[in-house]
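One file, data_5.csv, carrying CSV, C-alpha atoms:
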chain,number,residue,atom,x,y,z
A,60,MET,CA,0.0,0.0,0.0
A,61,PRO,CA,1.5,3.4,-0.9
A,62,SER,CA,2.5,5.5,2.0
A,63,THR,CA,0.8,8.5,0.5
A,64,THR,CA,-2.6,7.3,1.5
A,65,GLY,CA,-1.8,7.2,5.2
A,66,THR,CA,-3.0,3.6,5.5
A,67,SER,CA,-1.8,1.0,7.9
A,68,SER,CA,-1.9,-2.7,8.0
A,69,THR,CA,-5.0,-4.3,9.4
A,70,THR,CA,-3.0,-6.5,11.7
A,71,GLY,CA,-1.0,-5.9,14.8
A,72,THR,CA,-2.7,-2.7,16.1
A,73,ALA,CA,-6.2,-1.6,16.6
A,74,VAL,CA,-7.9,0.5,14.0
A,75,ASN,CA,-8.2,3.5,16.3
A,76,GLY,CA,-4.5,3.3,17.0
A,77,THR,CA,-4.7,1.6,20.4
A,78,ALA,CA,-4.3,-2.0,21.3
A,79,LYS,CA,-7.3,-2.9,23.5
A,80,ARG,CA,-6.6,-6.2,25.0
A,81,GLY,CA,-9.2,-8.6,26.3
A,82,ARG,CA,-9.1,-12.4,26.7
A,83,PRO,CA,-5.8,-14.1,25.8
A,84,GLY,CA,-5.5,-14.9,22.1
A,85,TYR,CA,-7.6,-12.0,20.8
A,86,ASP,CA,-7.3,-8.3,20.7
A,87,GLN,CA,-9.8,-5.8,19.4
A,88,GLN,CA,-8.2,-5.8,15.9
A,89,SER,CA,-8.5,-9.6,15.5
A,90,VAL,CA,-12.1,-9.5,16.7
A,91,LEU,CA,-12.8,-6.7,14.3
A,92,ARG,CA,-11.2,-8.5,11.3
A,93,ILE,CA,-13.3,-11.7,11.9
A,94,ALA,CA,-16.4,-9.6,12.5
A,95,VAL,CA,-16.1,-7.8,9.2
A,96,ASP,CA,-15.7,-11.2,7.4
A,97,VAL,CA,-18.9,-12.4,9.1
A,98,PHE,CA,-20.8,-9.2,8.3
A,99,ASN,CA,-19.8,-9.5,4.7
A,100,ARG,CA,-20.9,-13.2,4.5
A,101,HIS,CA,-24.2,-12.9,6.4
A,102,GLY,CA,-25.0,-9.2,6.2
A,103,TYR,CA,-24.8,-6.9,9.1
A,104,ASP,CA,-28.5,-7.0,10.0
A,105,ALA,CA,-28.5,-10.8,10.0
A,106,THR,CA,-25.4,-11.2,12.1
A,107,SER,CA,-26.1,-11.6,15.8
A,108,MET,CA,-23.6,-11.5,18.7
A,109,GLY,CA,-24.2,-15.3,18.9
A,110,ILE,CA,-23.0,-15.8,15.3
A,111,LEU,CA,-20.0,-13.6,16.0
A,112,ALA,CA,-19.1,-15.6,19.1
A,113,GLU,CA,-19.5,-18.8,17.2
A,114,ASN,CA,-17.1,-17.6,14.5
A,115,LEU,CA,-14.6,-16.3,17.1
A,116,GLY,CA,-14.8,-19.5,19.1
A,117,ILE,CA,-15.5,-17.5,22.3
A,118,SER,CA,-18.6,-16.7,24.4
A,119,LYS,CA,-20.8,-13.6,23.7
A,120,SER,CA,-19.7,-12.1,27.0
A,121,ALA,CA,-16.1,-12.4,26.0
A,122,ILE,CA,-16.7,-10.2,23.0
A,123,TYR,CA,-17.7,-7.4,25.3
A,124,HIS,CA,-14.2,-7.4,26.7
A,125,HIS,CA,-13.2,-5.9,23.3
A,126,VAL,CA,-16.2,-3.8,22.2
A,127,PRO,CA,-19.4,-2.6,23.9
A,128,SER,CA,-21.7,-3.7,21.0
A,129,LYS,CA,-22.1,-5.0,17.5
A,130,GLY,CA,-22.7,-1.4,16.4
A,131,ASP,CA,-19.3,-0.4,17.8
A,132,LEU,CA,-17.7,-3.1,15.6
A,133,LEU,CA,-19.5,-1.7,12.6
A,134,LYS,CA,-18.3,1.8,13.4
A,135,LEU,CA,-14.7,0.8,13.8
A,136,ALA,CA,-14.8,-1.1,10.5
A,137,LEU,CA,-16.4,1.8,8.6
A,138,ASP,CA,-14.0,4.3,10.1
A,139,HIS,CA,-11.2,2.2,8.8
A,140,ALA,CA,-12.6,2.1,5.3
A,141,LEU,CA,-13.6,5.8,5.2
A,142,GLY,CA,-10.5,7.0,6.9
A,143,GLY,CA,-8.3,5.6,4.1
A,144,LEU,CA,-10.4,7.2,1.4
A,145,GLU,CA,-10.7,10.6,3.2
A,146,ALA,CA,-6.9,10.7,3.7
A,147,ILE,CA,-6.4,10.6,0.0
A,148,LEU,CA,-7.9,14.0,-0.5
A,149,GLU,CA,-5.6,15.5,2.1
A,150,GLN,CA,-2.4,14.5,0.3
A,151,PRO,CA,-0.4,17.2,-1.6
A,152,GLU,CA,-0.9,15.4,-4.9
A,153,ALA,CA,-4.6,15.7,-4.5
A,154,THR,CA,-4.6,19.4,-3.5
A,155,SER,CA,-2.2,21.1,-5.9
A,156,GLY,CA,-1.3,20.9,-9.5
A,157,PRO,CA,-3.3,20.4,-12.7
A,158,ALA,CA,-6.8,19.0,-11.9
A,159,ASP,CA,-6.4,16.0,-14.3
A,160,ALA,CA,-3.2,14.9,-12.5
A,161,ARG,CA,-4.9,15.4,-9.2
A,162,LEU,CA,-7.8,13.3,-10.4
A,163,GLU,CA,-5.5,10.5,-11.6
A,164,PHE,CA,-3.8,10.5,-8.2
A,165,VAL,CA,-7.1,10.3,-6.3
A,166,LEU,CA,-8.4,7.4,-8.5
A,167,ARG,CA,-5.1,5.5,-8.3
A,168,GLN,CA,-5.0,5.8,-4.5
A,169,THR,CA,-8.7,4.9,-4.2
A,170,VAL,CA,-7.9,1.6,-5.9
A,171,ALA,CA,-4.9,1.2,-3.6
A,172,VAL,CA,-7.1,1.8,-0.4
A,173,LEU,CA,-9.8,-0.6,-1.7
A,174,VAL,CA,-7.3,-3.4,-2.3
A,175,ASP,CA,-5.4,-2.8,1.0
A,176,ARG,CA,-8.7,-2.6,3.0
A,177,LEU,CA,-10.8,-4.9,0.8
A,178,PRO,CA,-13.1,-6.5,3.5
A,179,PHE,CA,-13.7,-3.1,5.1
A,180,VAL,CA,-14.5,-1.3,1.9
A,181,THR,CA,-16.7,-4.2,0.8
A,182,LEU,CA,-18.7,-3.7,4.0
A,183,LEU,CA,-19.0,0.0,3.3
A,184,LEU,CA,-20.2,-0.6,-0.2
A,185,ARG,CA,-22.9,-3.0,1.0
A,186,LEU,CA,-24.5,-0.7,3.6
A,187,ARG,CA,-28.3,-0.3,3.5
A,188,GLY,CA,-28.5,2.7,5.7
A,189,ASN,CA,-30.7,1.0,8.3
A,190,THR,CA,-28.9,2.4,11.3
A,191,GLY,CA,-27.5,5.8,12.3
A,192,ILE,CA,-24.0,4.5,12.1
A,193,GLU,CA,-24.7,3.3,8.5
A,194,ARG,CA,-26.3,6.6,7.5
A,195,ASP,CA,-23.4,8.6,8.9
A,196,ALA,CA,-21.0,6.5,6.9
A,197,LEU,CA,-23.0,6.8,3.7
A,198,GLU,CA,-23.0,10.6,4.2
A,199,ARG,CA,-19.2,10.6,4.5
A,200,ARG,CA,-18.9,8.5,1.4
A,201,ARG,CA,-21.2,11.0,-0.5
A,202,THR,CA,-19.0,13.8,0.7
A,203,PHE,CA,-16.0,12.0,-0.8
A,204,ASP,CA,-17.8,11.5,-4.1
A,205,HIS,CA,-18.9,15.1,-4.3
A,206,LYS,CA,-15.3,16.3,-3.8
A,207,VAL,CA,-14.2,14.0,-6.6
A,208,ALA,CA,-17.0,15.3,-8.8
A,209,ALA,CA,-15.8,18.9,-8.1
A,210,LEU,CA,-12.3,17.8,-9.2
A,211,ILE,CA,-13.7,16.4,-12.4
A,212,SER,CA,-15.5,19.7,-13.0
A,213,LEU,CA,-12.3,21.6,-12.4
A,214,ALA,CA,-10.5,19.5,-14.9
A,215,ARG,CA,-13.2,20.1,-17.5
A,216,ASP,CA,-12.9,23.8,-16.9
A,217,GLU,CA,-9.1,23.6,-17.4
A,218,GLY,CA,-9.7,21.9,-20.7
A,219,SER,CA,-8.0,18.6,-19.8
A,220,LEU,CA,-11.2,16.5,-19.8
A,221,ARG,CA,-14.1,16.2,-22.3
A,222,GLN,CA,-17.0,18.5,-21.6
A,223,ASP,CA,-19.9,16.5,-23.2
A,224,ILE,CA,-20.6,14.3,-20.2
A,225,ASP,CA,-22.0,15.7,-16.9
A,226,PRO,CA,-19.4,15.5,-14.1
A,227,ARG,CA,-21.8,13.7,-11.8
A,228,THR,CA,-22.3,11.0,-14.4
A,229,VAL,CA,-18.6,10.7,-14.9
A,230,THR,CA,-18.2,10.3,-11.1
A,231,ARG,CA,-20.9,7.6,-11.0
A,232,LEU,CA,-19.3,5.7,-13.9
A,233,LEU,CA,-15.8,5.9,-12.5
A,234,PHE,CA,-16.8,4.7,-9.0
A,235,GLY,CA,-19.1,2.1,-10.5
A,236,MET,CA,-16.0,0.7,-12.2
A,237,ILE,CA,-13.8,1.0,-9.1
A,238,ASN,CA,-16.4,-0.3,-6.7
A,239,SER,CA,-17.0,-3.4,-8.8
A,240,ILE,CA,-13.4,-4.5,-7.9
A,241,VAL,CA,-14.6,-5.8,-4.5
A,242,GLU,CA,-16.8,-8.4,-6.2
A,243,TRP,CA,-14.0,-10.0,-8.3
A,244,TYR,CA,-10.5,-9.0,-7.3
A,245,LYS,CA,-8.5,-11.7,-5.5
A,246,PRO,CA,-5.5,-10.4,-3.5
A,247,GLY,CA,-2.4,-12.4,-4.1
A,248,GLY,CA,-3.4,-13.4,-7.6
A,249,SER,CA,-1.6,-12.7,-10.9
A,250,LEU,CA,-3.1,-9.1,-11.1
A,251,SER,CA,-1.1,-6.9,-8.8
A,252,PRO,CA,-2.6,-3.9,-7.1
A,253,GLU,CA,-0.3,-1.6,-9.1
A,254,ARG,CA,-1.3,-3.2,-12.4
A,255,LEU,CA,-4.9,-3.0,-11.4
A,256,ALA,CA,-4.6,0.7,-10.7
A,257,ASP,CA,-2.8,1.2,-14.1
A,258,ASP,CA,-5.6,-0.6,-15.9
A,259,VAL,CA,-8.3,1.6,-14.1
A,260,ILE,CA,-6.5,4.8,-15.1
A,261,THR,CA,-6.1,3.6,-18.7
A,262,MET,CA,-9.8,2.8,-18.9
A,263,ALA,CA,-10.8,6.1,-17.3
A,264,PHE,CA,-8.6,8.4,-19.3
A,265,ASP,CA,-7.9,6.5,-22.6
A,266,GLY,CA,-10.9,4.1,-23.0
A,267,LEU,CA,-10.7,1.0,-25.1
A,268,HIS,CA,-9.6,2.5,-28.4
A,269,GLY,CA,-6.0,1.6,-29.3
A,270,HIS,CA,-3.5,4.3,-30.3
A,271,PRO,CA,-2.8,4.5,-34.0
Please lay out the structure from this file as structure tokens.
Amino acid sequence: MPSTTGTSSTTGTAVNGTAKRGRPGYDQQSVLRIAVDVFNRHGYDATSMGILAENLGISKSAIYHHVPSKGDLLKLALDHALGGLEAILEQPEATSGPADARLEFVLRQTVAVLVDRLPFVTLLLRLRGNTGIERDALERRRTFDHKVAALISLARDEGSLRQDIDPRTVTRLLFGMINSIVEWYKPGGSLSPERLADDVITMAFDGLHGHP
């Protein structure tokens, strides 16, 4: 994962930067990692604390040594996904220079965050907005999308992007392509994260037509 995104590994330390210890053999981070996998397989609404305890191999009461509730697990997971995305827009490469170069940086780093935090971003993309935590996360994601749309508009104004497609449509199409990665990408396979990002950028900026 490129250091410019400000991401960190999902193992070893807790998402919020503190190692909250509970019963031997588990810390908050390992509980969170397994919980996210269960949420993605069963759906957040359908996952009970009993199902989580079964997958963790511990009692329900033992889970409370690490987090107060299922909702707190969801919030930690969504903060991890959204924090990686939001950090992209704070990088110098996203805030200065030609708008098209800034857009390319943002798209490339979005792919990198998605791959690095794949289970967490998958959970984010599957939200239904049934709880306050989910609605807050969806609002943060909309804010991110709006900032990318504004960057597309700026690039159009600078003359570096075509002007016959509405920026909001471009944003939806771009993120439709990028978000689909969670459904088919297999980490550790023949397609590296760097090549994947290169392919996304090529599709976004050059399309399928070959150069003469």
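For the pair CA of Pro246 in chain A and CA of Leu177 in chain A, the separation is 8.8 Å.
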Show which residues sit within 6 Å of range 204-220 of chain A, as a JSON list (two decimals) with C-alpha atoms, in the frame of the given file. Count all atoms listed in the file, and ignore same-chain residues fewer than 3 positions away.
[["chain", "number", "residue", "atom", "x", "y", "z"],
["A", 158, "ALA", "CA", -6.80, 19.00, -11.90],
["A", 159, "ASP", "CA", -6.40, 16.00, -14.30],
["A", 201, "ARG", "CA", -21.20, 11.00, -0.50],
["A", 226, "PRO", "CA", -19.40, 15.50, -14.10],
["A", 227, "ARG", "CA", -21.80, 13.70, -11.80],
["A", 230, "THR", "CA", -18.20, 10.30, -11.10]]
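Rounded to one decimal, CA of Leu183 in chain A and CA of Pro151 in chain A lie 25.8 Å from each other.
Here CA of Ala94 in chain A stands at a distance of 16.0 Å from CA of Leu184 in chain A.
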Per-residue nearest contacts of range 104-199 of chain A to range 256-261 of chain A (12 Å; all atoms listed in the file) as JSON lines:
{"residue": "A:Asp159", "atom": "CA", "partner": "A:Ile260", "partner_atom": "CA", "distance": 11.2}
{"residue": "A:Ala160", "atom": "CA", "partner": "A:Ile260", "partner_atom": "CA", "distance": 10.9}
{"residue": "A:Leu162", "atom": "CA", "partner": "A:Ile260", "partner_atom": "CA", "distance": 9.8}
{"residue": "A:Glu163", "atom": "CA", "partner": "A:Ile260", "partner_atom": "CA", "distance": 6.8}
{"residue": "A:Phe164", "atom": "CA", "partner": "A:Ile260", "partner_atom": "CA", "distance": 9.3}
{"residue": "A:Val165", "atom": "CA", "partner": "A:Ile260", "partner_atom": "CA", "distance": 10.4}
{"residue": "A:Leu166", "atom": "CA", "partner": "A:Ile260", "partner_atom": "CA", "distance": 7.3}
{"residue": "A:Arg167", "atom": "CA", "partner": "A:Ala256", "partner_atom": "CA", "distance": 5.4}
{"residue": "A:Gln168", "atom": "CA", "partner": "A:Ala256", "partner_atom": "CA", "distance": 8.0}
{"residue": "A:Thr169", "atom": "CA", "partner": "A:Ala256", "partner_atom": "CA", "distance": 8.8}
{"residue": "A:Val170", "atom": "CA", "partner": "A:Ala256", "partner_atom": "CA", "distance": 5.9}
{"residue": "A:Ala171", "atom": "CA", "partner": "A:Ala256", "partner_atom": "CA", "distance": 7.1}
{"residue": "A:Val172", "atom": "CA", "partner": "A:Ala256", "partner_atom": "CA", "distance": 10.7}
{"residue": "A:Leu173", "atom": "CA", "partner": "A:Ala256", "partner_atom": "CA", "distance": 10.5}
{"residue": "A:Val174", "atom": "CA", "partner": "A:Ala256", "partner_atom": "CA", "distance": 9.7}
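When all atoms listed in the file are used to compute distances to Phe179 in chain A, the closest of the residues A:Phe203, A:Trp243, A:Phe98, A:Tyr85 turns out to be A:Phe98.
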With 12 Å as the cut-off and only C-alpha atoms counted, what is the closest atom pair between each nearby residue of range 122-221 of chain A and range 102-118 of chain A? Distances in Å to one decimal, ordered by chain and number, as a tab-separated table.
residue	atom	partner	partner_atom	distance
A:Ile122	CA	A:Ser118	CA	6.9
A:Tyr123	CA	A:Ser118	CA	9.4
A:His124	CA	A:Ser118	CA	10.5
A:His125	CA	A:Ile117	CA	11.9
A:Val126	CA	A:Met108	CA	11.2
A:Pro127	CA	A:Met108	CA	11.1
A:Ser128	CA	A:Met108	CA	8.4
A:Lys129	CA	A:Met108	CA	6.8
A:Gly130	CA	A:Tyr103	CA	9.4
A:Asp131	CA	A:Met108	CA	11.9
A:Leu132	CA	A:Tyr103	CA	10.3
A:Leu133	CA	A:Tyr103	CA	8.2
A:Lys134	CA	A:Tyr103	CA	11.7
A:Ala136	CA	A:Tyr103	CA	11.6
A:Thr181	CA	A:Gly102	CA	11.1
A:Leu182	CA	A:Tyr103	CA	8.6
A:Leu183	CA	A:Tyr103	CA	10.7
A:Leu184	CA	A:Gly102	CA	11.7
A:Arg185	CA	A:Gly102	CA	8.4
A:Leu186	CA	A:Tyr103	CA	8.3
A:Arg187	CA	A:Tyr103	CA	9.3
A:Gly188	CA	A:Asp104	CA	10.6
A:Asn189	CA	A:Asp104	CA	8.5
A:Thr190	CA	A:Asp104	CA	9.5
A:Ile192	CA	A:Tyr103	CA	11.8
A:Glu193	CA	A:Tyr103	CA	10.2
Residue with smallest distance to Asp265 in chain A - pool A:Arg231, A:Gln88, A:Arg221, A:Ala153, counting all atoms listed in the file: A:Arg221
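Closest to Val229 in chain A among A:Arg254, A:Leu197, A:Gln150, A:Ala263 is A:Ala263, based on only C-alpha atoms.
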Output range 192-203 of chain A with all heavy atoms present, as a PDB file, keeping the file's coordinate frame.
ATOM      1  N   ILE A 192     -25.407   4.669  12.407  1.00  0.00           N
ATOM      2  CA  ILE A 192     -24.000   4.500  12.100  1.00  0.00           C
ATOM      3  C   ILE A 192     -23.840   4.314  10.559  1.00  0.00           C
ATOM      4  O   ILE A 192     -22.947   4.900   9.936  1.00  0.00           O
ATOM      5  CB  ILE A 192     -23.437   3.239  12.807  1.00  0.00           C
ATOM      6  CG1 ILE A 192     -23.374   3.506  14.316  1.00  0.00           C
ATOM      7  CG2 ILE A 192     -22.055   2.867  12.277  1.00  0.00           C
ATOM      8  CD1 ILE A 192     -23.031   2.285  15.146  1.00  0.00           C
ATOM      9  N   GLU A 193     -24.724   3.533   9.947  1.00  0.00           N
ATOM     10  CA  GLU A 193     -24.700   3.300   8.500  1.00  0.00           C
ATOM     11  C   GLU A 193     -24.959   4.616   7.744  1.00  0.00           C
ATOM     12  O   GLU A 193     -24.284   4.946   6.755  1.00  0.00           O
ATOM     13  CB  GLU A 193     -25.649   2.239   8.087  1.00  0.00           C
ATOM     14  CG  GLU A 193     -25.295   0.854   8.597  1.00  0.00           C
ATOM     15  CD  GLU A 193     -26.403  -0.144   8.294  1.00  0.00           C
ATOM     16  OE1 GLU A 193     -26.438  -0.661   7.172  1.00  0.00           O
ATOM     17  OE2 GLU A 193     -27.236  -0.394   9.192  1.00  0.00           O
ATOM     18  N   ARG A 194     -25.949   5.352   8.204  1.00  0.00           N
ATOM     19  CA  ARG A 194     -26.300   6.600   7.500  1.00  0.00           C
ATOM     20  C   ARG A 194     -25.185   7.623   7.602  1.00  0.00           C
ATOM     21  O   ARG A 194     -24.906   8.345   6.630  1.00  0.00           O
ATOM     22  CB  ARG A 194     -27.621   7.149   8.068  1.00  0.00           C
ATOM     23  CG  ARG A 194     -28.843   6.291   7.686  1.00  0.00           C
ATOM     24  CD  ARG A 194     -30.134   6.965   8.072  1.00  0.00           C
ATOM     25  NE  ARG A 194     -30.344   6.995   9.511  1.00  0.00           N
ATOM     26  CZ  ARG A 194     -30.917   6.003  10.197  1.00  0.00           C
ATOM     27  NH1 ARG A 194     -31.332   4.910   9.573  1.00  0.00           N
ATOM     28  NH2 ARG A 194     -31.094   6.102  11.498  1.00  0.00           N
ATOM     29  N   ASP A 195     -24.535   7.688   8.753  1.00  0.00           N
ATOM     30  CA  ASP A 195     -23.400   8.600   8.900  1.00  0.00           C
ATOM     31  C   ASP A 195     -22.272   8.224   7.939  1.00  0.00           C
ATOM     32  O   ASP A 195     -21.642   9.086   7.318  1.00  0.00           O
ATOM     33  CB  ASP A 195     -22.884   8.588  10.332  1.00  0.00           C
ATOM     34  CG  ASP A 195     -23.830   9.288  11.304  1.00  0.00           C
ATOM     35  OD1 ASP A 195     -24.720  10.020  10.844  1.00  0.00           O
ATOM     36  OD2 ASP A 195     -23.664   9.081  12.524  1.00  0.00           O
ATOM     37  N   ALA A 196     -22.021   6.923   7.819  1.00  0.00           N
ATOM     38  CA  ALA A 196     -21.000   6.500   6.900  1.00  0.00           C
ATOM     39  C   ALA A 196     -21.314   6.752   5.475  1.00  0.00           C
ATOM     40  O   ALA A 196     -20.447   7.168   4.690  1.00  0.00           O
ATOM     41  CB  ALA A 196     -20.744   4.953   7.121  1.00  0.00           C
ATOM     42  N   LEU A 197     -22.563   6.550   5.099  1.00  0.00           N
ATOM     43  CA  LEU A 197     -23.000   6.800   3.700  1.00  0.00           C
ATOM     44  C   LEU A 197     -22.863   8.322   3.416  1.00  0.00           C
ATOM     45  O   LEU A 197     -22.510   8.704   2.288  1.00  0.00           O
ATOM     46  CB  LEU A 197     -24.422   6.356   3.518  1.00  0.00           C
ATOM     47  CG  LEU A 197     -24.604   4.835   3.481  1.00  0.00           C
ATOM     48  CD1 LEU A 197     -26.092   4.475   3.464  1.00  0.00           C
ATOM     49  CD2 LEU A 197     -23.905   4.233   2.270  1.00  0.00           C
ATOM     50  N   GLU A 198     -23.127   9.167   4.395  1.00  0.00           N
ATOM     51  CA  GLU A 198     -23.000  10.600   4.200  1.00  0.00           C
ATOM     52  C   GLU A 198     -21.519  10.968   3.983  1.00  0.00           C
ATOM     53  O   GLU A 198     -21.186  11.809   3.134  1.00  0.00           O
ATOM     54  CB  GLU A 198     -23.568  11.362   5.376  1.00  0.00           C
ATOM     55  CG  GLU A 198     -23.508  12.877   5.224  1.00  0.00           C
ATOM     56  CD  GLU A 198     -24.241  13.389   4.001  1.00  0.00           C
ATOM     57  OE1 GLU A 198     -25.261  12.778   3.601  1.00  0.00           O
ATOM     58  OE2 GLU A 198     -23.785  14.406   3.428  1.00  0.00           O
ATOM     59  N   ARG A 199     -20.639  10.357   4.743  1.00  0.00           N
ATOM     60  CA  ARG A 199     -19.200  10.600   4.500  1.00  0.00           C
ATOM     61  C   ARG A 199     -18.758  10.137   3.167  1.00  0.00           C
ATOM     62  O   ARG A 199     -17.954  10.805   2.513  1.00  0.00           O
ATOM     63  CB  ARG A 199     -18.397   9.872   5.633  1.00  0.00           C
ATOM     64  CG  ARG A 199     -18.500  10.505   7.003  1.00  0.00           C
ATOM     65  CD  ARG A 199     -17.858   9.628   8.074  1.00  0.00           C
ATOM     66  NE  ARG A 199     -16.412   9.499   7.888  1.00  0.00           N
ATOM     67  CZ  ARG A 199     -15.653   8.735   8.682  1.00  0.00           C
ATOM     68  NH1 ARG A 199     -16.213   8.038   9.685  1.00  0.00           N
ATOM     69  NH2 ARG A 199     -14.354   8.654   8.468  1.00  0.00           N
ATOM     70  N   ARG A 200     -19.285   9.021   2.716  1.00  0.00           N
ATOM     71  CA  ARG A 200     -18.900   8.500   1.400  1.00  0.00           C
ATOM     72  C   ARG A 200     -19.468   9.488   0.310  1.00  0.00           C
ATOM     73  O   ARG A 200     -18.793   9.764  -0.689  1.00  0.00           O
ATOM     74  CB  ARG A 200     -19.473   7.130   1.163  1.00  0.00           C
ATOM     75  CG  ARG A 200     -19.170   6.572  -0.234  1.00  0.00           C
ATOM     76  CD  ARG A 200     -17.673   6.576  -0.502  1.00  0.00           C
ATOM     77  NE  ARG A 200     -17.373   6.491  -1.924  1.00  0.00           N
ATOM     78  CZ  ARG A 200     -17.123   5.360  -2.569  1.00  0.00           C
ATOM     79  NH1 ARG A 200     -17.175   4.203  -1.920  1.00  0.00           N
ATOM     80  NH2 ARG A 200     -16.835   5.371  -3.843  1.00  0.00           N
ATOM     81  N   ARG A 201     -20.673  10.017   0.498  1.00  0.00           N
ATOM     82  CA  ARG A 201     -21.200  11.000  -0.500  1.00  0.00           C
ATOM     83  C   ARG A 201     -20.362  12.240  -0.524  1.00  0.00           C
ATOM     84  O   ARG A 201     -20.139  12.804  -1.604  1.00  0.00           O
ATOM     85  CB  ARG A 201     -22.670  11.321  -0.118  1.00  0.00           C
ATOM     86  CG  ARG A 201     -23.675  10.265  -0.568  1.00  0.00           C
ATOM     87  CD  ARG A 201     -25.094  10.769  -0.428  1.00  0.00           C
ATOM     88  NE  ARG A 201     -25.484  10.903   0.966  1.00  0.00           N
ATOM     89  CZ  ARG A 201     -26.064   9.929   1.658  1.00  0.00           C
ATOM     90  NH1 ARG A 201     -26.322   8.756   1.084  1.00  0.00           N
ATOM     91  NH2 ARG A 201     -26.407  10.120   2.925  1.00  0.00           N
ATOM     92  N   THR A 202     -19.879  12.674   0.622  1.00  0.00           N
ATOM     93  CA  THR A 202     -19.000  13.800   0.700  1.00  0.00           C
ATOM     94  C   THR A 202     -17.733  13.596  -0.138  1.00  0.00           C
ATOM     95  O   THR A 202     -17.273  14.463  -0.901  1.00  0.00           O
ATOM     96  CB  THR A 202     -18.657  14.209   2.117  1.00  0.00           C
ATOM     97  OG1 THR A 202     -19.867  14.539   2.816  1.00  0.00           O
ATOM     98  CG2 THR A 202     -17.701  15.391   2.179  1.00  0.00           C
ATOM     99  N   PHE A 203     -17.170  12.409   0.009  1.00  0.00           N
ATOM    100  CA  PHE A 203     -16.000  12.000  -0.800  1.00  0.00           C
ATOM    101  C   PHE A 203     -16.293  12.073  -2.255  1.00  0.00           C
ATOM    102  O   PHE A 203     -15.535  12.656  -3.047  1.00  0.00           O
ATOM    103  CB  PHE A 203     -15.527  10.642  -0.338  1.00  0.00           C
ATOM    104  CG  PHE A 203     -14.344  10.118  -1.114  1.00  0.00           C
ATOM    105  CD1 PHE A 203     -13.050  10.470  -0.762  1.00  0.00           C
ATOM    106  CD2 PHE A 203     -14.524   9.263  -2.201  1.00  0.00           C
ATOM    107  CE1 PHE A 203     -11.958   9.987  -1.478  1.00  0.00           C
ATOM    108  CE2 PHE A 203     -13.445   8.786  -2.918  1.00  0.00           C
ATOM    109  CZ  PHE A 203     -12.158   9.142  -2.550  1.00  0.00           C
TER     110      PHE A 203
END
